[in-house]
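Chemist: Here you go, run24.cif (mmCIF, C-alpha atoms):
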data_data
#
loop_
_atom_site.group_PDB
_atom_site.id
_atom_site.type_symbol
_atom_site.label_atom_id
_atom_site.label_comp_id
_atom_site.auth_asym_id
_atom_site.auth_seq_id
_atom_site.Cartn_x
_atom_site.Cartn_y
_atom_site.Cartn_z
ATOM 1 C CA MET A 1338 2.720 -7.330 16.821
ATOM 2 C CA LYS A 1339 4.934 -7.292 13.743
ATOM 3 C CA LEU A 1340 3.921 -3.747 12.805
ATOM 4 C CA ALA A 1341 4.403 -2.055 16.166
ATOM 5 C CA ASN A 1342 5.574 1.542 15.680
ATOM 6 C CA ARG A 1343 4.668 1.460 11.976
ATOM 7 C CA VAL A 1344 2.259 3.934 10.367
ATOM 8 C CA ALA A 1345 -0.044 2.729 7.586
ATOM 9 C CA ILE A 1346 -2.426 4.438 5.192
ATOM 10 C CA VAL A 1347 -5.241 2.387 3.687
ATOM 11 C CA THR A 1348 -7.285 4.054 0.954
ATOM 12 C CA GLY A 1349 -10.936 3.199 0.470
ATOM 13 C CA ALA A 1350 -10.981 1.906 4.032
ATOM 14 C CA GLY A 1351 -14.440 3.067 5.063
ATOM 15 C CA GLY A 1352 -15.946 -0.354 4.392
ATOM 16 C CA GLY A 1353 -15.487 -3.730 2.763
ATOM 17 C CA LEU A 1354 -11.986 -4.965 2.111
ATOM 18 C CA GLY A 1355 -10.326 -1.665 3.004
ATOM 19 C CA ARG A 1356 -11.933 -1.685 6.442
ATOM 20 C CA CYS A 1357 -10.707 -5.244 7.004
ATOM 21 C CA HIS A 1358 -7.211 -4.185 5.929
ATOM 22 C CA ALA A 1359 -7.214 -1.252 8.346
ATOM 23 C CA LEU A 1360 -8.451 -3.347 11.268
ATOM 24 C CA TYR A 1361 -5.945 -6.105 10.521
ATOM 25 C CA LEU A 1362 -2.953 -3.765 10.287
ATOM 26 C CA ALA A 1363 -4.060 -2.040 13.488
ATOM 27 C CA GLY A 1364 -4.269 -5.444 15.138
ATOM 28 C CA GLN A 1365 -0.650 -5.985 14.147
ATOM 29 C CA GLY A 1366 0.306 -2.782 15.971
ATOM 30 C CA ALA A 1367 0.299 -0.200 13.182
ATOM 31 C CA ALA A 1368 -1.123 3.293 13.578
ATOM 32 C CA LEU A 1369 -3.688 3.862 10.841
ATOM 33 C CA VAL A 1370 -4.743 6.637 8.526
ATOM 34 C CA VAL A 1371 -8.204 5.543 7.387
ATOM 35 C CA ASN A 1372 -9.057 7.112 4.028
ATOM 36 C CA ASP A 1373 -12.468 7.106 2.381
ATOM 37 C CA VAL A 1374 -14.640 9.402 0.288
ATOM 38 C CA SER A 1375 -17.227 9.199 3.064
ATOM 39 C CA ASP A 1376 -16.322 11.186 6.158
ATOM 40 C CA ALA A 1377 -18.753 9.168 8.280
ATOM 41 C CA ASN A 1378 -17.373 5.810 7.115
ATOM 42 C CA ALA A 1379 -13.733 6.823 7.585
ATOM 43 C CA ALA A 1380 -14.485 8.194 11.041
ATOM 44 C CA ALA A 1381 -16.389 5.035 12.023
ATOM 45 C CA VAL A 1382 -13.489 2.739 11.123
ATOM 46 C CA ALA A 1383 -10.981 5.015 12.839
ATOM 47 C CA ALA A 1384 -13.203 4.909 15.931
ATOM 48 C CA GLU A 1385 -13.294 1.094 15.795
ATOM 49 C CA ILE A 1386 -9.521 1.062 15.932
ATOM 50 C CA THR A 1387 -9.178 3.598 18.735
ATOM 51 C CA ASP A 1388 -11.946 1.953 20.759
ATOM 52 C CA ALA A 1389 -9.930 -1.266 20.598
ATOM 53 C CA GLY A 1390 -6.886 0.525 21.989
ATOM 54 C CA GLY A 1391 -5.181 1.340 18.714
ATOM 55 C CA ARG A 1392 -4.179 4.616 17.081
ATOM 56 C CA ALA A 1393 -6.006 5.955 14.048
ATOM 57 C CA ILE A 1394 -7.153 9.093 12.294
ATOM 58 C CA ALA A 1395 -9.683 9.532 9.514
ATOM 59 C CA ALA A 1396 -8.795 11.222 6.224
ATOM 60 C CA THR A 1397 -11.657 12.060 3.879
ATOM 61 C CA GLY A 1398 -11.157 12.583 0.175
ATOM 62 C CA SER A 1399 -10.938 10.924 -3.216
ATOM 63 C CA VAL A 1400 -7.608 9.408 -4.194
ATOM 64 C CA THR A 1401 -7.984 11.247 -7.506
ATOM 65 C CA ASP A 1402 -7.883 14.615 -5.701
ATOM 66 C CA GLU A 1403 -4.224 15.606 -5.400
ATOM 67 C CA ALA A 1404 -4.950 18.330 -2.857
ATOM 68 C CA ALA A 1405 -6.940 15.952 -0.647
ATOM 69 C CA VAL A 1406 -4.215 13.311 -0.870
ATOM 70 C CA GLY A 1407 -1.557 15.908 -0.024
ATOM 71 C CA ALA A 1408 -3.574 16.981 2.998
ATOM 72 C CA MET A 1409 -3.900 13.340 4.059
ATOM 73 C CA ILE A 1410 -0.136 12.839 3.964
ATOM 74 C CA ASP A 1411 0.417 16.101 5.847
ATOM 75 C CA SER A 1412 -2.017 14.934 8.542
ATOM 76 C CA ALA A 1413 -0.260 11.582 8.810
ATOM 77 C CA LEU A 1414 3.157 13.214 9.155
ATOM 78 C CA SER A 1415 1.852 15.777 11.629
ATOM 79 C CA ARG A 1416 0.120 13.194 13.810
ATOM 80 C CA PHE A 1417 2.477 10.225 13.546
ATOM 81 C CA GLY A 1418 5.714 11.694 12.172
ATOM 82 C CA LYS A 1419 6.111 9.287 9.268
ATOM 83 C CA VAL A 1420 4.409 6.987 6.779
ATOM 84 C CA ASP A 1421 5.751 3.438 6.584
ATOM 85 C CA ILE A 1422 3.019 1.648 4.654
ATOM 86 C CA LEU A 1423 0.619 2.639 1.882
ATOM 87 C CA VAL A 1424 -2.096 0.230 0.793
ATOM 88 C CA ASN A 1425 -3.689 1.471 -2.432
ATOM 89 C CA ASN A 1426 -7.073 -0.184 -2.013
ATOM 90 C CA ALA A 1427 -9.621 2.403 -3.219
ATOM 91 C CA GLY A 1428 -11.599 1.384 -6.265
ATOM 92 C CA ILE A 1429 -14.883 1.466 -8.160
ATOM 93 C CA LEU A 1430 -16.632 -0.741 -10.705
ATOM 94 C CA ARG A 1431 -18.433 0.247 -13.888
ATOM 95 C CA ASP A 1432 -18.982 -3.225 -15.348
ATOM 96 C CA LYS A 1433 -20.368 -3.539 -18.884
ATOM 97 C CA SER A 1434 -19.403 -5.410 -21.995
ATOM 98 C CA PHE A 1435 -16.936 -3.395 -24.056
ATOM 99 C CA ALA A 1436 -19.596 -2.901 -26.742
ATOM 100 C CA LYS A 1437 -21.846 -1.141 -24.215
ATOM 101 C CA MET A 1438 -19.125 0.590 -22.205
ATOM 102 C CA THR A 1439 -18.667 4.314 -22.709
ATOM 103 C CA ILE A 1440 -15.255 5.930 -22.671
ATOM 104 C CA ASP A 1441 -16.417 7.790 -19.562
ATOM 105 C CA ASP A 1442 -17.049 4.410 -17.889
ATOM 106 C CA PHE A 1443 -13.526 3.425 -18.871
ATOM 107 C CA ARG A 1444 -11.907 6.672 -17.776
ATOM 108 C CA GLN A 1445 -13.587 6.785 -14.361
ATOM 109 C CA VAL A 1446 -12.351 3.327 -13.406
ATOM 110 C CA VAL A 1447 -8.806 3.983 -14.632
ATOM 111 C CA ASP A 1448 -8.755 7.336 -12.812
ATOM 112 C CA VAL A 1449 -9.635 5.840 -9.433
ATOM 113 C CA HIS A 1450 -7.626 2.626 -9.578
ATOM 114 C CA LEU A 1451 -4.542 3.634 -11.531
ATOM 115 C CA ILE A 1452 -4.241 7.415 -11.335
ATOM 116 C CA GLY A 1453 -5.424 7.386 -7.714
ATOM 117 C CA ALA A 1454 -2.752 4.846 -6.791
ATOM 118 C CA ALA A 1455 -0.138 6.887 -8.625
ATOM 119 C CA ILE A 1456 -1.182 10.088 -6.825
ATOM 120 C CA CYS A 1457 -1.049 8.423 -3.415
ATOM 121 C CA SER A 1458 2.241 6.667 -4.145
ATOM 122 C CA LYS A 1459 3.787 9.908 -5.392
ATOM 123 C CA ALA A 1460 2.648 11.687 -2.221
ATOM 124 C CA VAL A 1461 4.420 9.200 0.073
ATOM 125 C CA TRP A 1462 7.430 8.623 -2.182
ATOM 126 C CA GLU A 1463 9.638 11.460 -0.957
ATOM 127 C CA PRO A 1464 8.944 10.908 2.765
ATOM 128 C CA MET A 1465 9.765 7.229 2.272
ATOM 129 C CA ARG A 1466 12.909 7.998 0.286
ATOM 130 C CA GLU A 1467 14.113 10.405 2.969
ATOM 131 C CA ARG A 1468 13.677 7.786 5.671
ATOM 132 C CA ARG A 1469 14.990 5.043 3.372
ATOM 133 C CA HIS A 1470 12.073 2.837 4.295
ATOM 134 C CA GLY A 1471 8.669 2.249 2.768
ATOM 135 C CA ARG A 1472 6.181 -0.436 1.831
ATOM 136 C CA ILE A 1473 3.609 0.143 -0.915
ATOM 137 C CA VAL A 1474 0.935 -2.367 -1.870
ATOM 138 C CA MET A 1475 -1.016 -2.038 -5.099
ATOM 139 C CA THR A 1476 -4.370 -3.795 -5.375
ATOM 140 C CA THR A 1477 -4.410 -5.703 -8.640
ATOM 141 C CA SER A 1478 -6.947 -8.340 -9.679
ATOM 142 C CA SER A 1479 -7.318 -11.595 -11.565
ATOM 143 C CA SER A 1480 -9.458 -9.514 -13.931
ATOM 144 C CA GLY A 1481 -6.298 -7.656 -14.885
ATOM 145 C CA LEU A 1482 -3.928 -10.600 -14.752
ATOM 146 C CA TYR A 1483 -6.149 -12.947 -16.744
ATOM 147 C CA GLY A 1484 -9.174 -10.984 -17.990
ATOM 148 C CA ASN A 1485 -12.873 -11.102 -17.121
ATOM 149 C CA PHE A 1486 -15.967 -10.549 -19.244
ATOM 150 C CA GLY A 1487 -17.484 -7.118 -18.749
ATOM 151 C CA GLN A 1488 -14.446 -5.646 -17.037
ATOM 152 C CA ALA A 1489 -12.296 -4.175 -19.790
ATOM 153 C CA ASN A 1490 -11.898 -0.915 -17.851
ATOM 154 C CA TYR A 1491 -11.267 -2.588 -14.496
ATOM 155 C CA GLY A 1492 -8.934 -5.209 -15.975
ATOM 156 C CA ALA A 1493 -6.900 -2.597 -17.848
ATOM 157 C CA ALA A 1494 -6.494 -0.507 -14.697
ATOM 158 C CA LYS A 1495 -5.595 -3.498 -12.559
ATOM 159 C CA MET A 1496 -2.943 -4.783 -14.970
ATOM 160 C CA ALA A 1497 -1.552 -1.265 -15.266
ATOM 161 C CA LEU A 1498 -1.037 -1.313 -11.500
ATOM 162 C CA VAL A 1499 1.249 -4.317 -11.947
ATOM 163 C CA GLY A 1500 3.356 -2.268 -14.351
ATOM 164 C CA LEU A 1501 3.430 0.602 -11.872
ATOM 165 C CA MET A 1502 4.482 -1.806 -9.129
ATOM 166 C CA GLN A 1503 7.290 -3.286 -11.232
ATOM 167 C CA THR A 1504 8.880 0.072 -12.000
ATOM 168 C CA LEU A 1505 8.424 1.636 -8.554
ATOM 169 C CA ALA A 1506 9.985 -1.456 -7.001
ATOM 170 C CA ILE A 1507 13.061 -1.047 -9.213
ATOM 171 C CA GLU A 1508 13.329 2.702 -8.582
ATOM 172 C CA GLY A 1509 12.665 2.383 -4.863
ATOM 173 C CA GLU A 1510 15.017 -0.504 -4.127
ATOM 174 C CA LYS A 1511 18.080 1.567 -3.199
ATOM 175 C CA TYR A 1512 15.923 3.680 -0.884
ATOM 176 C CA GLY A 1513 14.528 0.735 1.046
ATOM 177 C CA ILE A 1514 11.117 1.042 -0.599
ATOM 178 C CA ARG A 1515 9.529 -2.286 -1.473
ATOM 179 C CA VAL A 1516 6.484 -2.404 -3.700
ATOM 180 C CA ASN A 1517 4.175 -5.387 -4.123
ATOM 181 C CA ALA A 1518 0.677 -6.210 -5.349
ATOM 182 C CA LEU A 1519 -2.250 -7.995 -3.760
ATOM 183 C CA ALA A 1520 -4.914 -9.618 -5.945
ATOM 184 C CA PRO A 1521 -7.892 -10.194 -3.625
ATOM 185 C CA THR A 1522 -11.071 -12.170 -4.077
ATOM 186 C CA ALA A 1523 -13.618 -11.071 -1.501
ATOM 187 C CA ALA A 1524 -17.326 -10.677 -0.931
ATOM 188 C CA THR A 1525 -17.761 -6.922 -0.881
ATOM 189 C CA GLN A 1526 -20.189 -4.387 -2.294
ATOM 190 C CA MET A 1527 -18.067 -4.371 -5.450
ATOM 191 C CA THR A 1528 -18.389 -8.130 -6.009
ATOM 192 C CA ARG A 1529 -21.918 -8.723 -4.704
ATOM 193 C CA ASP A 1530 -23.421 -8.884 -8.187
ATOM 194 C CA VAL A 1531 -20.441 -10.628 -9.769
ATOM 195 C CA LEU A 1532 -20.158 -13.862 -7.763
ATOM 196 C CA PRO A 1533 -22.797 -16.473 -6.790
ATOM 197 C CA ASP A 1534 -24.128 -16.533 -3.217
ATOM 198 C CA ASP A 1535 -22.452 -19.816 -2.241
ATOM 199 C CA SER A 1536 -19.065 -18.387 -3.243
ATOM 200 C CA LEU A 1537 -19.689 -15.078 -1.498
ATOM 201 C CA ARG A 1538 -20.241 -16.887 1.793
ATOM 202 C CA LEU A 1539 -16.731 -18.342 1.616
ATOM 203 C CA LEU A 1540 -15.055 -15.125 0.519
ATOM 204 C CA ASP A 1541 -14.994 -13.176 3.767
ATOM 205 C CA PRO A 1542 -12.809 -10.111 3.061
ATOM 206 C CA ALA A 1543 -11.178 -10.563 6.472
ATOM 207 C CA LEU A 1544 -9.559 -13.729 5.072
ATOM 208 C CA VAL A 1545 -7.681 -11.631 2.489
ATOM 209 C CA SER A 1546 -6.121 -9.086 4.838
ATOM 210 C CA PRO A 1547 -3.486 -11.417 6.373
ATOM 211 C CA GLY A 1548 -1.952 -11.440 2.907
ATOM 212 C CA LEU A 1549 -0.793 -7.890 3.564
ATOM 213 C CA LEU A 1550 1.532 -8.895 6.372
ATOM 214 C CA PRO A 1551 4.336 -10.536 4.361
ATOM 215 C CA LEU A 1552 4.180 -7.632 1.888
ATOM 216 C CA VAL A 1553 4.719 -4.861 4.453
ATOM 217 C CA THR A 1554 7.024 -6.217 7.159
ATOM 218 C CA ASP A 1555 10.708 -5.311 7.422
ATOM 219 C CA ASP A 1556 11.721 -8.429 5.489
ATOM 220 C CA ALA A 1557 9.062 -8.031 2.792
ATOM 221 C CA PRO A 1558 9.822 -9.102 -0.771
ATOM 222 C CA THR A 1559 9.507 -6.662 -3.629
ATOM 223 C CA ARG A 1560 7.684 -7.095 -6.969
ATOM 224 C CA ALA A 1561 5.553 -9.946 -5.615
ATOM 225 C CA ILE A 1562 1.992 -10.499 -6.818
ATOM 226 C CA LEU A 1563 0.038 -12.289 -4.098
ATOM 227 C CA CYS A 1564 -3.393 -13.720 -4.904
ATOM 228 C CA ALA A 1565 -5.623 -14.137 -1.856
ATOM 229 C CA GLY A 1566 -9.169 -15.309 -1.201
ATOM 230 C CA ALA A 1567 -11.106 -17.623 1.125
ATOM 231 C CA GLY A 1568 -7.941 -18.177 3.160
ATOM 232 C CA HIS A 1569 -5.984 -19.411 0.112
ATOM 233 C CA PHE A 1570 -2.793 -17.700 -1.031
ATOM 234 C CA ALA A 1571 -0.840 -18.085 -4.278
ATOM 235 C CA ALA A 1572 1.722 -16.097 -6.236
ATOM 236 C CA ALA A 1573 1.251 -14.898 -9.805
ATOM 237 C CA GLN A 1574 4.216 -14.090 -12.033
ATOM 238 C CA VAL A 1575 4.791 -12.386 -15.359
ATOM 239 C CA THR A 1576 7.082 -14.814 -17.164
ATOM 240 C CA LEU A 1577 9.102 -14.780 -20.377
ATOM 241 C CA THR A 1578 9.556 -17.992 -22.363
ATOM 242 C CA ARG A 1579 12.881 -19.085 -23.779
ATOM 243 C CA GLY A 1580 11.587 -18.443 -27.285
ATOM 244 C CA ILE A 1581 13.312 -19.080 -30.608
ATOM 245 C CA GLN A 1582 15.622 -17.147 -32.910
ATOM 246 C CA ILE A 1583 14.216 -16.813 -36.446
ATOM 247 C CA GLY A 1584 15.985 -13.746 -37.774
ATOM 248 C CA GLY A 1585 14.925 -11.412 -40.531
ATOM 249 C CA ALA A 1586 14.310 -13.802 -43.406
ATOM 250 C CA ALA A 1587 11.497 -13.028 -45.836
ATOM 251 C CA THR A 1588 9.656 -16.062 -44.461
ATOM 252 C CA ALA A 1589 10.059 -15.021 -40.782
ATOM 253 C CA GLY A 1590 6.298 -14.577 -40.321
ATOM 254 C CA GLU A 1591 5.525 -17.962 -41.838
ATOM 255 C CA GLN A 1592 8.209 -19.644 -39.724
ATOM 256 C CA LEU A 1593 6.786 -18.006 -36.621
ATOM 257 C CA VAL A 1594 3.332 -19.391 -37.410
ATOM 258 C CA ALA A 1595 4.754 -22.860 -37.979
ATOM 259 C CA ARG A 1596 6.820 -22.832 -34.794
ATOM 260 C CA TRP A 1597 4.319 -21.107 -32.504
ATOM 261 C CA SER A 1598 4.312 -24.013 -30.039
ATOM 262 C CA GLU A 1599 8.064 -23.507 -29.533
ATOM 263 C CA VAL A 1600 7.605 -19.793 -28.878
ATOM 264 C CA THR A 1601 5.015 -20.449 -26.190
ATOM 265 C CA ASP A 1602 6.701 -23.506 -24.607
ATOM 266 C CA PRO A 1603 6.951 -22.652 -20.878
ATOM 267 C CA THR A 1604 10.009 -24.846 -20.352
ATOM 268 C CA ASP A 1605 12.844 -22.737 -18.897
ATOM 269 C CA ALA A 1606 10.646 -19.632 -18.718
ATOM 270 C CA ILE A 1607 12.065 -16.871 -16.525
ATOM 271 C CA VAL A 1608 10.747 -13.980 -14.456
ATOM 272 C CA PRO A 1609 12.810 -11.039 -15.761
ATOM 273 C CA ALA A 1610 14.500 -8.858 -13.153
ATOM 274 C CA TYR A 1611 13.786 -5.761 -15.291
ATOM 275 C CA GLY A 1612 12.094 -4.983 -18.590
ATOM 276 C CA PHE A 1613 15.269 -4.451 -20.603
ATOM 277 C CA GLN A 1614 16.248 -8.064 -19.930
ATOM 278 C CA GLN A 1615 13.991 -9.008 -22.839
ATOM 279 C CA ALA A 1616 15.997 -6.804 -25.209
ATOM 280 C CA GLU A 1617 19.309 -8.074 -23.833
ATOM 281 C CA ARG A 1618 18.324 -11.656 -24.507
ATOM 282 C CA GLU A 1619 17.023 -10.849 -27.982
ATOM 283 C CA VAL A 1620 20.267 -9.102 -28.927
ATOM 284 C CA ALA A 1621 22.328 -11.955 -27.480
ATOM 285 C CA ALA A 1622 20.351 -14.502 -29.519
ATOM 286 C CA ALA A 1623 20.789 -12.440 -32.690
ATOM 287 C CA LYS A 1624 24.543 -12.151 -32.129
ATOM 288 C CA ALA A 1625 24.840 -15.866 -31.442
ATOM 289 C CA ALA A 1626 23.010 -16.614 -34.691
#
What would the structure in this file look like if it were written as structure tokens?
Modeler:
Amino acid sequence: MKLANRVAIVTGAGGGLGRCHALYLAGQGAALVVNDVSDANAAAVAAEITDAGGRAIAATGSVTDEAAVGAMIDSALSRFGKVDILVNNAGILRDKSFAKMTIDDFRQVVDVHLIGAAICSKAVWEPMRERRHGRIVMTTSSSGLYGNFGQANYGAAKMALVGLMQTLAIEGEKYGIRVNALAPTAATQMTRDVLPDDSLRLLDPALVSPGLLPLVTDDAPTRAILCAGAGHFAAAQVTLTRGIQIGGAATAGEQLVARWSEVTDPTDAIVPAYGFQQAEREVAAAKAA
């Protein structure tokens, strides 16, 4: 029971992957705040946990509603005294090709995935800072990391969550707050019309949830991107190649075209510890030249 005495919030936990996350974390000993826009669904999952001998409360409300999120955190603190873990899982799909997608389709998806995660993370940030302990998991996606036809809105939101993770991890480090991302592949209502039936049978969402454990324990990493599906786990990384120094010659653009293979050569690529490391290396190369 690696999460005994820990308190976790899972958003969008009234069904699908979120429900599996909540049940898994409860099985590891955590007390759960089960969030969903459906009061009945949140209550049902909370009841599953309590019926199995665990501790859980339901919290109804959209992650885009700051007042509802604030009330959820207040309920968690009142009932359990703290919040150790936040899993930003809530999401929606509005899949269409970009040509057919409306800006409202785009905005709705970004609001739930990105703004909702920011609202929830902001709400737990101060309680976690005060206790100098916290674990936040963003739900990213291969659609954001690598792109997917018909998911410009979803992919943009999911990649933005990686950027949010990177910065919150840096800002939270001295307060004991570790922030990671999980990129799941699972057969849920959101993916039912996206993946073929033979794949859906293998992608039980319950097989993703164990991926949460290394991201939320006391010895969790920070800034990790864990890809999980069908019982398979892999890490994704945002890398920076060694690159080349061309300088500001009039033919710099032409040289860049001619030497493109050198720019993209992955040999000696690094995973920067912070964004400004790119600028530091560029300045160092310019000075050396």
Chemist: Could you pull the residues within 9 Å of Gln1503 of chain A, counting only C-alpha atoms, minus those fewer than 5 positions along the same chain, as a PDB file with C-alpha atoms, keeping the file's coordinate frame?
Modeler:
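Written out: around_19.pdb:
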ATOM      1  CA  LEU A1498      -1.037  -1.313 -11.500  1.00  0.00           C
ATOM      2  CA  GLU A1508      13.329   2.702  -8.582  1.00  0.00           C
ATOM      3  CA  VAL A1516       6.484  -2.404  -3.700  1.00  0.00           C
ATOM      4  CA  ASN A1517       4.175  -5.387  -4.123  1.00  0.00           C
ATOM      5  CA  THR A1559       9.507  -6.662  -3.629  1.00  0.00           C
ATOM      6  CA  ARG A1560       7.684  -7.095  -6.969  1.00  0.00           C
ATOM      7  CA  ALA A1561       5.553  -9.946  -5.615  1.00  0.00           C
ATOM      8  CA  TYR A1611      13.786  -5.761 -15.291  1.00  0.00           C
ATOM      9  CA  GLY A1612      12.094  -4.983 -18.590  1.00  0.00           C
TER      10      GLY A1612
END
Chemist: Which residue is closest to Gly1548 of chain A? Choose from A:Arg1343, A:His1358, A:Lys1511, A:Lys1624 and count all atoms listed in the file.
Modeler: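 For Gly1548 of chain A, the nearest of the candidates is A:His1358.
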Chemist: Restricting the calculation to all atoms listed in the file, which member of A:Gly1366, A:Gly1353, A:Gly1509, A:Pro1558 is positioned closest to Leu1340 of chain A?
Modeler: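 Using all atoms listed in the file, Leu1340 of chain A sits closest to A:Gly1366.
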Chemist: Identify which of the residues A:Ala1622, A:Val1344, A:Ala1427, A:Met1475 lies closest to Gly1391 of chain A, counting only C-alpha atoms when measuring atom-to-atom distances.
Modeler: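 Smallest distance to Gly1391 of chain A is found for A:Val1344.
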Chemist: Which residues would end up in the selection if the PyMOL selection byres ((chain A and resi 1416) around 12) were applied here, given that I need the answer as a list in words?
Modeler: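 Listing what the PyMOL selection byres ((chain A and resi 1416) around 12) selects in the shown file: Val1344, Ala1368, Leu1369, Val1370, Arg1392, Ala1393, Ile1394, Ala1395, Ala1396, Met1409, Ile1410, Asp1411, Ser1412, Ala1413, Leu1414, Ser1415, Phe1417, Gly1418, Lys1419 and Val1420 of chain A.
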Chemist: May I ask you to restore N, CA and C atoms in segment 1356-1372 of chain A and write the result as a short mmCIF file (atom, residue, chain, number, x, y, z; two decimals), keeping the file's coordinate frame?
Modeler:
data_model
loop_
_atom_site.label_atom_id
_atom_site.label_comp_id
_atom_site.auth_asym_id
_atom_site.auth_seq_id
_atom_site.Cartn_x
_atom_site.Cartn_y
_atom_site.Cartn_z
N ARG A 1356 -11.70 -1.68 4.99
CA ARG A 1356 -11.93 -1.68 6.44
C ARG A 1356 -11.24 -2.88 7.09
N CYS A 1357 -11.37 -4.05 6.47
CA CYS A 1357 -10.71 -5.24 7.00
C CYS A 1357 -9.19 -5.07 7.02
N HIS A 1358 -8.65 -4.46 5.96
CA HIS A 1358 -7.21 -4.18 5.93
C HIS A 1358 -6.80 -3.29 7.09
N ALA A 1359 -7.56 -2.21 7.29
CA ALA A 1359 -7.21 -1.25 8.35
C ALA A 1359 -7.27 -1.91 9.71
N LEU A 1360 -8.32 -2.68 9.98
CA LEU A 1360 -8.45 -3.35 11.27
C LEU A 1360 -7.35 -4.38 11.47
N TYR A 1361 -7.00 -5.09 10.40
CA TYR A 1361 -5.94 -6.10 10.52
C TYR A 1361 -4.59 -5.46 10.82
N LEU A 1362 -4.24 -4.42 10.07
CA LEU A 1362 -2.95 -3.76 10.29
C LEU A 1362 -2.89 -3.15 11.68
N ALA A 1363 -4.01 -2.59 12.13
CA ALA A 1363 -4.06 -2.04 13.49
C ALA A 1363 -3.86 -3.15 14.51
N GLY A 1364 -4.44 -4.31 14.25
CA GLY A 1364 -4.27 -5.44 15.14
C GLY A 1364 -2.84 -5.94 15.21
N GLN A 1365 -2.07 -5.63 14.16
CA GLN A 1365 -0.65 -5.98 14.15
C GLN A 1365 0.22 -4.88 14.74
N GLY A 1366 -0.42 -3.83 15.26
CA GLY A 1366 0.31 -2.78 15.97
C GLY A 1366 0.51 -1.48 15.23
N ALA A 1367 0.08 -1.42 13.97
CA ALA A 1367 0.30 -0.20 13.18
C ALA A 1367 -0.68 0.90 13.58
N ALA A 1368 -0.22 2.14 13.50
CA ALA A 1368 -1.12 3.29 13.58
C ALA A 1368 -1.71 3.49 12.19
N LEU A 1369 -2.99 3.84 12.12
CA LEU A 1369 -3.69 3.86 10.84
C LEU A 1369 -4.19 5.24 10.44
N VAL A 1370 -4.04 5.53 9.16
CA VAL A 1370 -4.74 6.64 8.53
C VAL A 1370 -5.82 5.99 7.66
N VAL A 1371 -7.07 6.18 8.05
CA VAL A 1371 -8.20 5.54 7.39
C VAL A 1371 -8.79 6.52 6.37
N ASN A 1372 -8.57 6.24 5.09
CA ASN A 1372 -9.06 7.11 4.03
C ASN A 1372 -10.34 6.58 3.42
#
